[in-house]
Amino acid sequence: MAEVLVVVESSGGTVKKVTLEMLTLARSLGEPAAVVLGAPGTAAAIADKLGEYGATKVYAAESDDIANHLVAPKATALAQLVKSVSPAAVLIGSTQEGKEIAGRLAVKLDNGVLYDAVELAADGTATQVVFAGSTIVKSKVTKGLPLVTVRPNSLTPSPAAATPSVEQVEVALSDADKLAVVTQRVAEAKGARPELTEASIVVSGGRGVGSAENFKVVEELADLLGAAVGASRAATDSGFYPHAFQVGQTGKTVSPQLYVALGISGAIQHRAGMQTSKTIVAVNKDTEAPIFELADFGVVGDLFQVVPQAAEEIRKRR
Amino acid sequence: MKIVVLVKQVPDSGAERNLRADDNTVDRASANNVINEMDEYAIEEALRLQEAHGGEVTILTMGPERATESIRKALSMGPDGAVHVLDDALAGTDALGTSKVLAAAISGLAPDLVIAGAESTDARGQVLAHMLAERLGYAALTGARKLTVDGSQLTVERQTEEGYEVVTAATPAIVSVWDTINEPRYPSFKGIMAAKKKPVTTQSLADLKVPADEVGWAGAATTVLSHSKRPPRSAGQKVADSGEGGVALVEFLSSEKFV
């Protein structure tokens, strides 16, 4: 069975959930082989985890040059690997960097690229959800191998133990790969909360939250539910919450099991980023708010009454 | 500093958007076609650099005849001129082909800096900047929320999941920007009048020396097999809070096993 290359995303020794999802998907397409692109030692720290989800092999292309230059060296390493192993498909997480790697790889290999797939069939047909979740598209790469970026939270990762062999890959980088130098990486506080695009539950606040100070109400409910915190564009533009947490057309697209919209009217800009959530609940004081059109459960009321009461009730039930 | 700004005309993301039944392409005829929102931030950033460092700003658009409206709109913000890549053979071009055409057009303009929106609101691919960088041998500084220029040295703050990265490179380079980078200006009346007289050069595939069979339907490396409307979500239960709204909410979450 041909190998399916899965490009690994990890941070500080933790494998991102989208990678485990892709390994799960890869098992239905061929032999999952994980590709680690990063600083020396990255693969050794995560190989066991990758094996738990079925990686039979881990290719490690590791150097400081790969870690400290933006995107280009990773695409070069991957292109080299594709040429040497002729995989059945290449899966990359549909994150900013994932899509960028895919774009470069497409040019290097003169290969079609599909992004934001939520499903990928064994015949290479990808399913994409476009136009703010309103339209489903089936598409295929017609030139080259299936090079597909997979949207986080599109499937449930399931373990399937394998014991991967780790194979170091030597990569010849050119000067063109080293044009953009990463001089600093700065983490901005999100505390212990899960990452927005990976979280099973997202609790978001909008204009109705009213101030940065009041976002504590949103965060309190989020923490009780083990959720990530999101915000509508109205809230981030008003400075209530950092832009990095914006959910919507110009922000993150999330697809959690549960999406809780607090004080969010549900403008199309926002719906574009959360419409494919499995279950949606909303609290808004305006009974006409469009968010109620998609909410499985809605409370018309003052969020500063409803949410603290809900938080109290959750505590009581524990 | 010579700056090229990439502008894409897209269907308005605030209204219903459709794919055509016959060829699965974006239905532009029935849509309100506007400048891709993120591109307005790219234009604004270019104009600010021009104000600070001099030079010229050129809009580059690939698209059908009607994209002219968006080009004039872009010019009304202040850029000096535009290049419109227009050719019937471009219909059906995918991302890979688009990058081939735009790379050829950029080569001809030989800018110091290319600025683009981080993604378009219709395709949301985020692939184009790096495709262009790969083809042109330019540095790519993408996903910027801040750009500083010091001579030929560029520094951006790139938004990431965790926070941001500081990334530097020398020109020539391509920078893609998010809407966190600035606040785009509104065109002034004077700007709108001036835009009508600004030079817009039309270039065909032959002008760019890109073979027609490498783009369009003939050259596409991907194909859309089919599309369908996703069934709209139906509204569920809605209760008015009369003092027990929070409890009712938890009751629902509990019934769905979230609590």
# chains A, B, ... in the order shown; residues from 1 in each chain; ligands from 1
$ residues_around --residues "A:Val4" --least-positions-apart "2" --cutoff "12 Å" --atoms "only C-alpha atoms" --output "PyMOL selection string"
chain A and resi 1-2+6-7+22-35+54-59+81-82+85-92+122+124+145-148
$ select_by_dssp --residues "stretch 117-309 of chain A" --states "helix (DSSP H, G or I)" --output "PDB file with N, CA and C atoms, in the first residue's frame"
ATOM      1  N   ASP A 175      19.397  29.136  -1.339  1.00  0.00           N
ATOM      2  CA  ASP A 175      19.341  30.487  -0.774  1.00  0.00           C
ATOM      3  C   ASP A 175      17.909  31.024  -0.813  1.00  0.00           C
ATOM      4  N   ALA A 176      17.169  30.653  -1.859  1.00  0.00           N
ATOM      5  CA  ALA A 176      15.789  31.139  -1.999  1.00  0.00           C
ATOM      6  C   ALA A 176      14.886  30.646  -0.868  1.00  0.00           C
ATOM      7  N   ASP A 177      15.294  29.542  -0.229  1.00  0.00           N
ATOM      8  CA  ASP A 177      14.509  29.020   0.890  1.00  0.00           C
ATOM      9  C   ASP A 177      14.740  29.817   2.174  1.00  0.00           C
ATOM     10  N   LYS A 178      15.792  30.631   2.146  1.00  0.00           N
ATOM     11  CA  LYS A 178      16.190  31.286   3.399  1.00  0.00           C
ATOM     12  C   LYS A 178      16.047  32.808   3.350  1.00  0.00           C
ATOM     13  N   ARG A 207     -20.842  42.089  20.360  1.00  0.00           N
ATOM     14  CA  ARG A 207     -21.053  43.480  20.722  1.00  0.00           C
ATOM     15  C   ARG A 207     -21.824  43.600  22.032  1.00  0.00           C
ATOM     16  N   GLY A 208     -22.762  42.674  22.243  1.00  0.00           N
ATOM     17  CA  GLY A 208     -23.617  42.718  23.421  1.00  0.00           C
ATOM     18  C   GLY A 208     -22.865  42.553  24.736  1.00  0.00           C
ATOM     19  N   VAL A 209     -21.623  42.067  24.671  1.00  0.00           N
ATOM     20  CA  VAL A 209     -20.833  41.919  25.895  1.00  0.00           C
ATOM     21  C   VAL A 209     -20.460  43.306  26.430  1.00  0.00           C
ATOM     22  N   PHE A 215     -15.954  40.765  29.321  1.00  0.00           N
ATOM     23  CA  PHE A 215     -15.651  39.486  28.681  1.00  0.00           C
ATOM     24  C   PHE A 215     -15.365  38.383  29.703  1.00  0.00           C
ATOM     25  N   LYS A 216     -15.125  38.805  30.963  1.00  0.00           N
ATOM     26  CA  LYS A 216     -14.934  37.824  32.041  1.00  0.00           C
ATOM     27  C   LYS A 216     -16.107  36.855  32.124  1.00  0.00           C
ATOM     28  N   VAL A 217     -17.294  37.371  31.836  1.00  0.00           N
ATOM     29  CA  VAL A 217     -18.504  36.537  31.876  1.00  0.00           C
ATOM     30  C   VAL A 217     -18.412  35.420  30.832  1.00  0.00           C
ATOM     31  N   VAL A 218     -17.895  35.792  29.658  1.00  0.00           N
ATOM     32  CA  VAL A 218     -17.725  34.829  28.567  1.00  0.00           C
ATOM     33  C   VAL A 218     -16.660  33.801  28.971  1.00  0.00           C
ATOM     34  N   GLU A 219     -15.560  34.321  29.508  1.00  0.00           N
ATOM     35  CA  GLU A 219     -14.445  33.441  29.880  1.00  0.00           C
ATOM     36  C   GLU A 219     -14.830  32.471  31.001  1.00  0.00           C
ATOM     37  N   GLU A 220     -15.641  32.955  31.923  1.00  0.00           N
ATOM     38  CA  GLU A 220     -16.035  32.103  33.046  1.00  0.00           C
ATOM     39  C   GLU A 220     -16.823  30.891  32.540  1.00  0.00           C
ATOM     40  N   LEU A 221     -17.787  31.145  31.644  1.00  0.00           N
ATOM     41  CA  LEU A 221     -18.569  30.028  31.106  1.00  0.00           C
ATOM     42  C   LEU A 221     -17.667  29.104  30.277  1.00  0.00           C
ATOM     43  N   ALA A 222     -16.778  29.718  29.498  1.00  0.00           N
ATOM     44  CA  ALA A 222     -15.858  28.926  28.679  1.00  0.00           C
ATOM     45  C   ALA A 222     -15.044  27.977  29.565  1.00  0.00           C
ATOM     46  N   ASP A 223     -14.518  28.497  30.655  1.00  0.00           N
ATOM     47  CA  ASP A 223     -13.659  27.679  31.518  1.00  0.00           C
ATOM     48  C   ASP A 223     -14.441  26.552  32.188  1.00  0.00           C
ATOM     49  N   LEU A 224     -15.692  26.828  32.522  1.00  0.00           N
ATOM     50  CA  LEU A 224     -16.523  25.773  33.114  1.00  0.00           C
ATOM     51  C   LEU A 224     -16.787  24.647  32.119  1.00  0.00           C
ATOM     52  N   LEU A 225     -16.847  25.004  30.838  1.00  0.00           N
ATOM     53  CA  LEU A 225     -17.138  24.007  29.802  1.00  0.00           C
ATOM     54  C   LEU A 225     -15.861  23.444  29.176  1.00  0.00           C
ATOM     55  N   ARG A 233     -16.490  39.951  15.154  1.00  0.00           N
ATOM     56  CA  ARG A 233     -15.705  41.072  14.653  1.00  0.00           C
ATOM     57  C   ARG A 233     -16.087  42.367  15.369  1.00  0.00           C
ATOM     58  N   ALA A 234     -17.384  42.526  15.655  1.00  0.00           N
ATOM     59  CA  ALA A 234     -17.819  43.727  16.364  1.00  0.00           C
ATOM     60  C   ALA A 234     -17.088  43.849  17.695  1.00  0.00           C
ATOM     61  N   ALA A 235     -16.897  42.718  18.356  1.00  0.00           N
ATOM     62  CA  ALA A 235     -16.228  42.729  19.658  1.00  0.00           C
ATOM     63  C   ALA A 235     -14.726  42.995  19.525  1.00  0.00           C
ATOM     64  N   THR A 236     -14.092  42.402  18.510  1.00  0.00           N
ATOM     65  CA  THR A 236     -12.643  42.625  18.380  1.00  0.00           C
ATOM     66  C   THR A 236     -12.382  44.042  17.858  1.00  0.00           C
ATOM     67  N   ASP A 237     -13.205  44.507  16.921  1.00  0.00           N
ATOM     68  CA  ASP A 237     -13.012  45.868  16.410  1.00  0.00           C
ATOM     69  C   ASP A 237     -13.240  46.917  17.503  1.00  0.00           C
ATOM     70  N   HIS A 243      -7.814  40.480  18.492  1.00  0.00           N
ATOM     71  CA  HIS A 243      -8.178  40.081  17.133  1.00  0.00           C
ATOM     72  C   HIS A 243      -7.916  38.611  16.846  1.00  0.00           C
ATOM     73  N   ALA A 244      -6.885  38.056  17.501  1.00  0.00           N
ATOM     74  CA  ALA A 244      -6.502  36.669  17.236  1.00  0.00           C
ATOM     75  C   ALA A 244      -7.660  35.701  17.512  1.00  0.00           C
ATOM     76  N   PHE A 245      -8.641  36.151  18.278  1.00  0.00           N
ATOM     77  CA  PHE A 245      -9.736  35.254  18.675  1.00  0.00           C
ATOM     78  C   PHE A 245     -11.003  35.494  17.859  1.00  0.00           C
ATOM     79  N   ILE A 268     -23.854  37.925   8.821  1.00  0.00           N
ATOM     80  CA  ILE A 268     -23.295  36.927   7.906  1.00  0.00           C
ATOM     81  C   ILE A 268     -21.785  36.818   8.091  1.00  0.00           C
ATOM     82  N   GLN A 269     -21.134  37.942   8.392  1.00  0.00           N
ATOM     83  CA  GLN A 269     -19.694  37.962   8.665  1.00  0.00           C
ATOM     84  C   GLN A 269     -19.333  36.957   9.764  1.00  0.00           C
ATOM     85  N   HIS A 270     -20.159  36.884  10.796  1.00  0.00           N
ATOM     86  CA  HIS A 270     -19.874  35.968  11.886  1.00  0.00           C
ATOM     87  C   HIS A 270     -20.290  34.536  11.540  1.00  0.00           C
ATOM     88  N   ARG A 271     -21.455  34.417  10.926  1.00  0.00           N
ATOM     89  CA  ARG A 271     -21.958  33.077  10.589  1.00  0.00           C
ATOM     90  C   ARG A 271     -20.971  32.317   9.703  1.00  0.00           C
ATOM     91  N   ALA A 272     -20.263  33.071   8.862  1.00  0.00           N
ATOM     92  CA  ALA A 272     -19.296  32.453   7.952  1.00  0.00           C
ATOM     93  C   ALA A 272     -18.257  31.637   8.704  1.00  0.00           C
ATOM     94  N   GLY A 273     -17.993  32.008   9.940  1.00  0.00           N
ATOM     95  CA  GLY A 273     -16.935  31.337  10.682  1.00  0.00           C
ATOM     96  C   GLY A 273     -17.402  30.251  11.628  1.00  0.00           C
ATOM     97  N   MET A 274     -18.734  30.077  11.788  1.00  0.00           N
ATOM     98  CA  MET A 274     -19.186  29.122  12.805  1.00  0.00           C
ATOM     99  C   MET A 274     -20.391  28.285  12.395  1.00  0.00           C
ATOM    100  N   PRO A 290     -30.577  37.482  14.083  1.00  0.00           N
ATOM    101  CA  PRO A 290     -30.479  36.365  13.129  1.00  0.00           C
ATOM    102  C   PRO A 290     -29.785  35.127  13.689  1.00  0.00           C
ATOM    103  N   ILE A 291     -29.028  35.273  14.757  1.00  0.00           N
ATOM    104  CA  ILE A 291     -28.346  34.109  15.328  1.00  0.00           C
ATOM    105  C   ILE A 291     -29.369  33.045  15.748  1.00  0.00           C
ATOM    106  N   PHE A 292     -30.571  33.482  16.118  1.00  0.00           N
ATOM    107  CA  PHE A 292     -31.598  32.524  16.554  1.00  0.00           C
ATOM    108  C   PHE A 292     -32.088  31.643  15.398  1.00  0.00           C
ATOM    109  N   GLU A 293     -31.874  32.124  14.157  1.00  0.00           N
ATOM    110  CA  GLU A 293     -32.286  31.317  13.003  1.00  0.00           C
ATOM    111  C   GLU A 293     -31.457  30.046  12.887  1.00  0.00           C
ATOM    112  N   LEU A 303     -27.731  38.742  28.757  1.00  0.00           N
ATOM    113  CA  LEU A 303     -26.682  37.729  28.977  1.00  0.00           C
ATOM    114  C   LEU A 303     -26.045  37.848  30.356  1.00  0.00           C
ATOM    115  N   PHE A 304     -26.102  39.062  30.930  1.00  0.00           N
ATOM    116  CA  PHE A 304     -25.492  39.240  32.254  1.00  0.00           C
ATOM    117  C   PHE A 304     -26.355  38.651  33.375  1.00  0.00           C
ATOM    118  N   GLN A 305     -27.595  38.317  33.050  1.00  0.00           N
ATOM    119  CA  GLN A 305     -28.429  37.539  33.971  1.00  0.00           C
ATOM    120  C   GLN A 305     -28.291  36.051  33.655  1.00  0.00           C
ATOM    121  N   VAL A 306     -28.444  35.739  32.369  1.00  0.00           N
ATOM    122  CA  VAL A 306     -28.558  34.343  31.935  1.00  0.00           C
ATOM    123  C   VAL A 306     -27.242  33.574  32.128  1.00  0.00           C
ATOM    124  N   VAL A 307     -26.124  34.195  31.716  1.00  0.00           N
ATOM    125  CA  VAL A 307     -24.858  33.458  31.724  1.00  0.00           C
ATOM    126  C   VAL A 307     -24.353  33.170  33.151  1.00  0.00           C
ATOM    127  N   PRO A 308     -24.349  34.162  34.043  1.00  0.00           N
ATOM    128  CA  PRO A 308     -23.932  33.823  35.415  1.00  0.00           C
ATOM    129  C   PRO A 308     -24.839  32.762  36.050  1.00  0.00           C
ATOM    130  N   GLN A 309     -26.125  32.832  35.746  1.00  0.00           N
ATOM    131  CA  GLN A 309     -27.035  31.813  36.282  1.00  0.00           C
ATOM    132  C   GLN A 309     -26.692  30.423  35.724  1.00  0.00           C
TER     133      GLN A 309
END
$ closest_atom_pairs --of "chain B" --to "chain A" --cutoff "6 Å" --atoms "only C-alpha atoms" --output "CSV"
residue,atom,partner,partner_atom,distance
B:Val127,CA,A:Gly103,CA,4.6
B:His130,CA,A:Arg104,CA,5.7
B:Met131,CA,A:Arg104,CA,5.1
B:Ala139,CA,A:Leu179,CA,5.1
B:Glu162,CA,A:Ala187,CA,5.0
B:Gly163,CA,A:Ala187,CA,4.5
B:Tyr164,CA,A:Val186,CA,5.3
B:Glu165,CA,A:Arg185,CA,4.4
B:Val166,CA,A:Gln184,CA,5.0
B:Val167,CA,A:Val182,CA,4.4
B:Thr168,CA,A:Val181,CA,5.2
B:Ala169,CA,A:Ala180,CA,4.8
B:Ala221,CA,A:Gly112,CA,4.3
B:Thr222,CA,A:Val141,CA,4.2
B:Thr223,CA,A:Lys140,CA,5.4
B:Val224,CA,A:Ser139,CA,4.2
B:Leu225,CA,A:Ser139,CA,5.1
B:Ser226,CA,A:Lys138,CA,5.3
B:His227,CA,A:Val137,CA,4.3
B:Ser228,CA,A:Ile136,CA,5.3
B:Lys229,CA,A:Thr135,CA,4.5
B:Arg230,CA,A:Thr135,CA,5.1
B:Arg233,CA,A:Leu294,CA,5.3
B:Ser234,CA,A:Leu294,CA,5.7
B:Ala235,CA,A:Glu293,CA,4.6
B:Gly236,CA,A:Asp296,CA,4.1
B:Gln237,CA,A:Phe297,CA,4.9
B:Lys238,CA,A:Gly298,CA,4.5
B:Val239,CA,A:Val299,CA,5.0
B:Ala240,CA,A:Val300,CA,4.6
B:Asp241,CA,A:Gly301,CA,5.0
B:Gly245,CA,A:Val306,CA,5.5
B:Gly246,CA,A:Ala310,CA,4.1
B:Val247,CA,A:Ala310,CA,5.5
B:Val250,CA,A:Ala310,CA,5.8
$ write_last_selection --atoms "N, CA and C atoms" --output "short mmCIF file (atom, residue, chain, number, x, y, z; two decimals), in the first residue's frame"
data_model
loop_
_atom_site.label_atom_id
_atom_site.label_comp_id
_atom_site.auth_asym_id
_atom_site.auth_seq_id
_atom_site.Cartn_x
_atom_site.Cartn_y
_atom_site.Cartn_z
N VAL B 127 -3.11 30.69 -0.38
CA VAL B 127 -2.01 30.00 -1.04
C VAL B 127 -1.25 30.89 -2.01
N HIS B 130 2.48 32.70 -1.39
CA HIS B 130 3.64 31.80 -1.41
C HIS B 130 3.85 31.16 -2.78
N MET B 131 2.75 30.95 -3.51
CA MET B 131 2.90 30.46 -4.89
C MET B 131 3.68 31.49 -5.72
N ALA B 139 11.07 36.92 -1.41
CA ALA B 139 10.76 36.55 -0.04
C ALA B 139 9.26 36.71 0.16
N GLU B 162 -0.61 31.02 18.06
CA GLU B 162 -0.16 31.25 19.43
C GLU B 162 -0.01 32.73 19.77
N GLY B 163 0.17 33.57 18.76
CA GLY B 163 0.44 34.98 19.00
C GLY B 163 0.94 35.61 17.72
N TYR B 164 2.25 35.90 17.70
CA TYR B 164 2.81 36.40 16.45
C TYR B 164 4.29 36.04 16.32
N GLU B 165 4.77 36.10 15.09
CA GLU B 165 6.19 35.90 14.80
C GLU B 165 6.73 37.18 14.17
N VAL B 166 7.96 37.50 14.49
CA VAL B 166 8.62 38.62 13.82
C VAL B 166 9.44 38.01 12.69
N VAL B 167 9.18 38.46 11.47
CA VAL B 167 9.86 37.89 10.31
C VAL B 167 10.46 39.02 9.48
N THR B 168 11.70 38.82 9.05
CA THR B 168 12.37 39.87 8.27
C THR B 168 12.86 39.32 6.93
N ALA B 169 12.97 40.23 5.97
CA ALA B 169 13.52 39.88 4.67
C ALA B 169 13.88 41.17 3.94
N ALA B 221 -5.35 22.36 -12.87
CA ALA B 221 -4.80 21.17 -12.22
C ALA B 221 -5.78 20.59 -11.21
N THR B 222 -6.93 21.24 -11.09
CA THR B 222 -7.99 20.75 -10.21
C THR B 222 -9.31 20.91 -10.95
N THR B 223 -10.31 20.14 -10.53
CA THR B 223 -11.63 20.33 -11.14
C THR B 223 -12.72 20.21 -10.08
N VAL B 224 -13.74 21.01 -10.24
CA VAL B 224 -14.90 20.88 -9.37
C VAL B 224 -15.86 19.91 -10.03
N LEU B 225 -16.17 18.82 -9.34
CA LEU B 225 -17.03 17.78 -9.93
C LEU B 225 -18.49 18.16 -9.82
N SER B 226 -18.85 18.71 -8.68
CA SER B 226 -20.26 19.06 -8.46
C SER B 226 -20.36 20.01 -7.27
N HIS B 227 -21.52 20.64 -7.16
CA HIS B 227 -21.76 21.42 -5.95
C HIS B 227 -23.23 21.36 -5.61
N SER B 228 -23.52 21.61 -4.35
CA SER B 228 -24.92 21.61 -3.93
C SER B 228 -25.08 22.59 -2.79
N LYS B 229 -26.28 23.07 -2.61
CA LYS B 229 -26.56 23.96 -1.49
C LYS B 229 -26.65 23.13 -0.23
N ARG B 230 -26.00 23.60 0.81
CA ARG B 230 -26.08 22.91 2.08
C ARG B 230 -27.46 23.23 2.66
N ARG B 233 -29.57 25.61 8.22
CA ARG B 233 -29.85 25.16 9.59
C ARG B 233 -31.25 25.62 9.94
N SER B 234 -31.96 24.80 10.64
CA SER B 234 -33.28 25.24 11.05
C SER B 234 -33.20 25.71 12.50
N ALA B 235 -34.00 26.74 12.79
CA ALA B 235 -34.02 27.26 14.15
C ALA B 235 -34.59 26.21 15.08
N GLY B 236 -34.01 26.10 16.26
CA GLY B 236 -34.50 25.14 17.24
C GLY B 236 -35.45 25.84 18.20
N GLN B 237 -35.24 25.51 19.44
CA GLN B 237 -36.11 26.03 20.48
C GLN B 237 -35.63 27.42 20.92
N LYS B 238 -36.56 28.33 21.13
CA LYS B 238 -36.19 29.67 21.62
C LYS B 238 -37.05 29.99 22.83
N VAL B 239 -36.40 30.30 23.94
CA VAL B 239 -37.18 30.63 25.14
C VAL B 239 -36.86 32.05 25.58
N ALA B 240 -37.85 32.73 26.12
CA ALA B 240 -37.63 34.07 26.66
C ALA B 240 -37.26 33.91 28.13
N ASP B 241 -36.22 34.63 28.53
CA ASP B 241 -35.77 34.53 29.91
C ASP B 241 -36.75 35.24 30.84
N GLY B 245 -33.72 31.52 32.58
CA GLY B 245 -33.09 31.29 31.27
C GLY B 245 -31.77 30.54 31.37
N GLY B 246 -30.98 30.88 32.39
CA GLY B 246 -29.69 30.23 32.56
C GLY B 246 -29.84 28.76 32.88
N VAL B 247 -30.81 28.45 33.72
CA VAL B 247 -31.07 27.06 34.09
C VAL B 247 -31.56 26.28 32.86
N VAL B 250 -28.67 25.39 30.65
CA VAL B 250 -27.88 24.26 31.16
C VAL B 250 -28.66 22.95 30.99
#
$ select_by_dssp --residues "stretch 141-173 of chain A" --states "strand (DSSP E)" --output "ChimeraX atom specification"
/A:141,147-150,165-168
$ residues_around --residues "stretch 67-81 of chain B" --least-positions-apart "6" --cutoff "7 Å" --atoms "only C-alpha atoms" --output "ChimeraX atom specification"
/B:9,34-35,47,56-59,185-187,191-192,194-196,198-200
$ residues_around --residues "A:Gly230" --least-positions-apart "4" --cutoff "8 Å" --atoms "only C-alpha atoms" --output "CSV table (one decimal) with N, CA and C atoms, in the first residue's frame"
chain,number,residue,atom,x,y,z
A,196,LEU,N,-8.5,27.8,19.5
A,196,LEU,CA,-9.9,28.1,19.0
A,196,LEU,C,-10.3,27.1,17.9
A,202,VAL,N,-16.7,26.0,21.8
A,202,VAL,CA,-16.3,27.4,21.7
A,202,VAL,C,-17.4,28.3,22.3
A,203,VAL,N,-17.0,29.2,23.2
A,203,VAL,CA,-17.9,30.2,23.7
A,203,VAL,C,-17.4,31.6,23.3
A,204,SER,N,-18.3,32.2,22.5
A,204,SER,CA,-17.9,33.5,21.9
A,204,SER,C,-18.8,34.7,22.4
A,205,GLY,N,-18.2,35.8,22.5
A,205,GLY,CA,-18.9,37.0,22.9
A,205,GLY,C,-18.9,38.0,21.7
A,245,PHE,N,-8.6,36.2,18.3
A,245,PHE,CA,-9.7,35.3,18.7
A,245,PHE,C,-11.0,35.5,17.9
A,246,GLN,N,-10.9,36.3,16.8
A,246,GLN,CA,-12.1,36.6,16.0
A,246,GLN,C,-12.5,35.4,15.2
A,247,VAL,N,-13.8,35.1,15.3
A,247,VAL,CA,-14.5,34.1,14.6
A,247,VAL,C,-15.3,34.7,13.5
$ closest_residue --among "B:Gly125, B:Glu157, B:Val215, B:Ser107" --to "A:Ala117" --atoms "only C-alpha atoms"
B:Gly125
$ residues_around --residues "stretch 87-104 of chain B" --least-positions-apart "3" --cutoff "6 Å" --atoms "only C-alpha atoms" --output "list in words"
Ser107, Leu132, Ser204, Leu208, Val215, Gly216, Trp217 and Ala220 of chain B
$ write_last_selection --atoms "N, CA and C atoms" --output "PDB file, in the first residue's frame"
ATOM      1  N   SER B 107       6.584  40.124 -12.842  1.00  0.00           N
ATOM      2  CA  SER B 107       7.928  40.165 -13.427  1.00  0.00           C
ATOM      3  C   SER B 107       8.079  41.373 -14.340  1.00  0.00           C
ATOM      4  N   LEU B 132       3.329  32.753  -5.549  1.00  0.00           N
ATOM      5  CA  LEU B 132       4.026  33.808  -6.299  1.00  0.00           C
ATOM      6  C   LEU B 132       5.483  33.909  -5.876  1.00  0.00           C
ATOM      7  N   SER B 204      -2.878  40.921 -22.171  1.00  0.00           N
ATOM      8  CA  SER B 204      -3.426  39.612 -22.536  1.00  0.00           C
ATOM      9  C   SER B 204      -2.397  38.530 -22.193  1.00  0.00           C
ATOM     10  N   LEU B 208       1.827  38.662 -21.915  1.00  0.00           N
ATOM     11  CA  LEU B 208       2.607  38.139 -20.783  1.00  0.00           C
ATOM     12  C   LEU B 208       3.427  36.913 -21.172  1.00  0.00           C
ATOM     13  N   VAL B 215      -3.288  27.696 -18.772  1.00  0.00           N
ATOM     14  CA  VAL B 215      -4.226  28.307 -17.825  1.00  0.00           C
ATOM     15  C   VAL B 215      -5.653  27.996 -18.273  1.00  0.00           C
ATOM     16  N   GLY B 216      -6.620  28.615 -17.615  1.00  0.00           N
ATOM     17  CA  GLY B 216      -8.011  28.395 -17.996  1.00  0.00           C
ATOM     18  C   GLY B 216      -8.428  26.955 -17.773  1.00  0.00           C
ATOM     19  N   TRP B 217      -9.510  26.565 -18.425  1.00  0.00           N
ATOM     20  CA  TRP B 217      -9.985  25.187 -18.275  1.00  0.00           C
ATOM     21  C   TRP B 217      -8.930  24.197 -18.735  1.00  0.00           C
ATOM     22  N   ALA B 220      -6.081  23.774 -16.054  1.00  0.00           N
ATOM     23  CA  ALA B 220      -6.420  23.630 -14.635  1.00  0.00           C
ATOM     24  C   ALA B 220      -5.900  22.307 -14.072  1.00  0.00           C
TER      25      ALA B 220
END
$ residues_around --residues "B:Ala15" --least-positions-apart "2" --cutoff "9 Å" --atoms "only C-alpha atoms" --output "list in words"
Ile268 of chain A; Pro11, Asp12, Ser13, Arg17, Ala31 and Asn32 of chain B
$ atom_distance --atom1 "atom CA of B:Ile174" --atom2 "atom CA of B:Thr142"
7.6 Å
$ atom_distance --atom1 "atom CA of A:Glu62" --atom2 "atom CA of A:Leu37"
5.8 Å
$ closest_residue --among "A:Val166, A:Leu155, A:Ala160, A:Ala79" --to "A:Ala47" --atoms "only C-alpha atoms"
A:Val166
$ atom_distance --atom1 "atom CA of B:Glu37" --atom2 "atom CA of B:Ser176"
13.0 Å
$ closest_residue --among "B:Glu214, B:Glu183, B:Glu251, B:Asp122" --to "B:Glu45" --atoms "only C-alpha atoms"
B:Glu183
